[in-house]
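A.B. asks: Next up is a structure, given as structure tokens.
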Amino acid sequence: MSRLILILVLLASSIFMTHILWLDFKEDQLPSKKFTHLWQKDLDYLSTLKGFPKWNEIQSASFVSGNHLARSLLLQANLPRQLVDVQNRSKIVFSKSSASSNRFKLEVVLVSWKDANKTGTVVQYELLDGKTKNKLWEFSRTLIF
């Protein structure tokens, strides 16, 4: 009898562990997790390019979702660490001497789509002069996951 109970306990714990691992696997397959990973990887690459502004020169970042799917992804995804740093920095009140070094504003526009096999998001970056609000440059990246 005790052997049967032991076997049932082992079977139940095996089923439980399999279920937990399956949930972790499924969570990694979520579009928001894939998008977060690709977005972080893309910003890491862009940061190495000549002409891309230094992150400490950007005083604030704002986000615009172009459609419902992009809004949903943006709400579920973790922002890349560079953008988190910019947002944290924008919450701090700058003195006049440090305000001059943070002279840009970044606007990020996201538009997503979903077809039978893939989901994708176009991420458009617009760099604005902090004082004049003139657009200095813009470019887009397409992330397919």
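Labels used: A, B, ... for chains in the order of the structure tokens, numbers from 1 for residues in each chain, and numbers from 1 for ligands as shown.
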List the neighbours of Gln124 (chain A) out to 7 Å using only C-alpha atoms; skip same-chain residues closer than 5 positions along the sequence, and give me the result as a list in words.

C.D. replies: Val108, Val109, Leu110, Phe139, Ser140 and Arg141 of chain A

A.B. asks: What lies within 8 Å of Pro31 (chain A) using only C-alpha atoms, ignoring chain neighbours under 6 positions off, as a ChimeraX atom specification?

C.D. replies: /A:73,119,145

A.B. asks: Using backbone DSSP assignments, extract all strand (DSSP E or B) residues from chain A; output them as a PyMOL selection string.

C.D. replies: chain A and resi 58-65+104-114+119-129+135-144

A.B. asks: Just to be explicit: take each residue in the selection above, keep C-alpha atoms, and write the result as a compact mmCIF listing (two decimals), in the first residue's frame.

C.D. replies:
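Final output, saved to part37.txt:
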# COMPACT_ATOMS: atom_id res chain seq x y z
CA ILE A 58 18.16 61.99 -24.78
CA GLN A 59 16.15 63.73 -22.10
CA SER A 60 12.83 61.93 -22.62
CA ALA A 61 11.10 59.23 -24.63
CA SER A 62 7.44 58.98 -25.54
CA PHE A 63 5.58 56.10 -27.10
CA VAL A 64 2.73 56.11 -29.60
CA SER A 65 0.86 52.98 -30.62
CA PHE A 104 17.02 65.48 -27.53
CA LYS A 105 13.56 63.98 -27.24
CA LEU A 106 12.80 60.59 -28.70
CA GLU A 107 9.38 59.60 -29.95
CA VAL A 108 8.80 55.92 -30.66
CA VAL A 109 5.84 54.98 -32.86
CA LEU A 110 4.78 51.33 -33.07
CA VAL A 111 2.46 49.74 -35.62
CA SER A 112 1.87 45.98 -35.48
CA TRP A 113 0.26 43.39 -37.68
CA LYS A 114 -0.55 39.71 -37.44
CA THR A 119 3.40 38.87 -35.98
CA GLY A 120 5.42 41.94 -36.79
CA THR A 121 5.92 45.46 -35.55
CA VAL A 122 7.32 48.50 -37.28
CA VAL A 123 9.19 50.61 -34.73
CA GLN A 124 9.75 54.17 -35.92
CA TYR A 125 12.18 56.38 -34.03
CA GLU A 126 11.92 60.16 -34.32
CA LEU A 127 14.60 62.32 -32.71
CA LEU A 128 13.46 65.84 -31.89
CA ASP A 129 15.43 68.86 -30.75
CA LYS A 135 12.67 66.70 -36.13
CA LEU A 136 16.38 65.98 -36.55
CA TRP A 137 16.03 62.48 -38.02
CA GLU A 138 13.76 59.51 -38.18
CA PHE A 139 14.12 55.89 -39.16
CA SER A 140 12.13 52.70 -38.88
CA ARG A 141 12.92 49.11 -38.04
CA THR A 142 10.71 46.12 -38.75
CA LEU A 143 10.74 43.35 -36.16
CA ILE A 144 9.10 40.08 -37.22

A.B. asks: Check chain A with DSSP on the backbone and list each residue it calls helix (DSSP H, G or I), as a PyMOL selection string.

C.D. replies: chain A and resi 2-28+31-46+55-57+68-76+81-90+96-99

A.B. asks: Choose the residue, out of A:Ala116, A:Leu83, A:Ala77, A:Ile92, that has the smallest atom-to-atom separation from Leu43 (chain A); count only C-alpha atoms.

C.D. replies: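 Ranked by minimum distance to Leu43 (chain A), first place goes to A:Leu83.
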
A.B. asks: Separation of CA of Asp44 (chain A) and CA of Lys133 (chain A), in Å?

C.D. replies: 26.0 Å
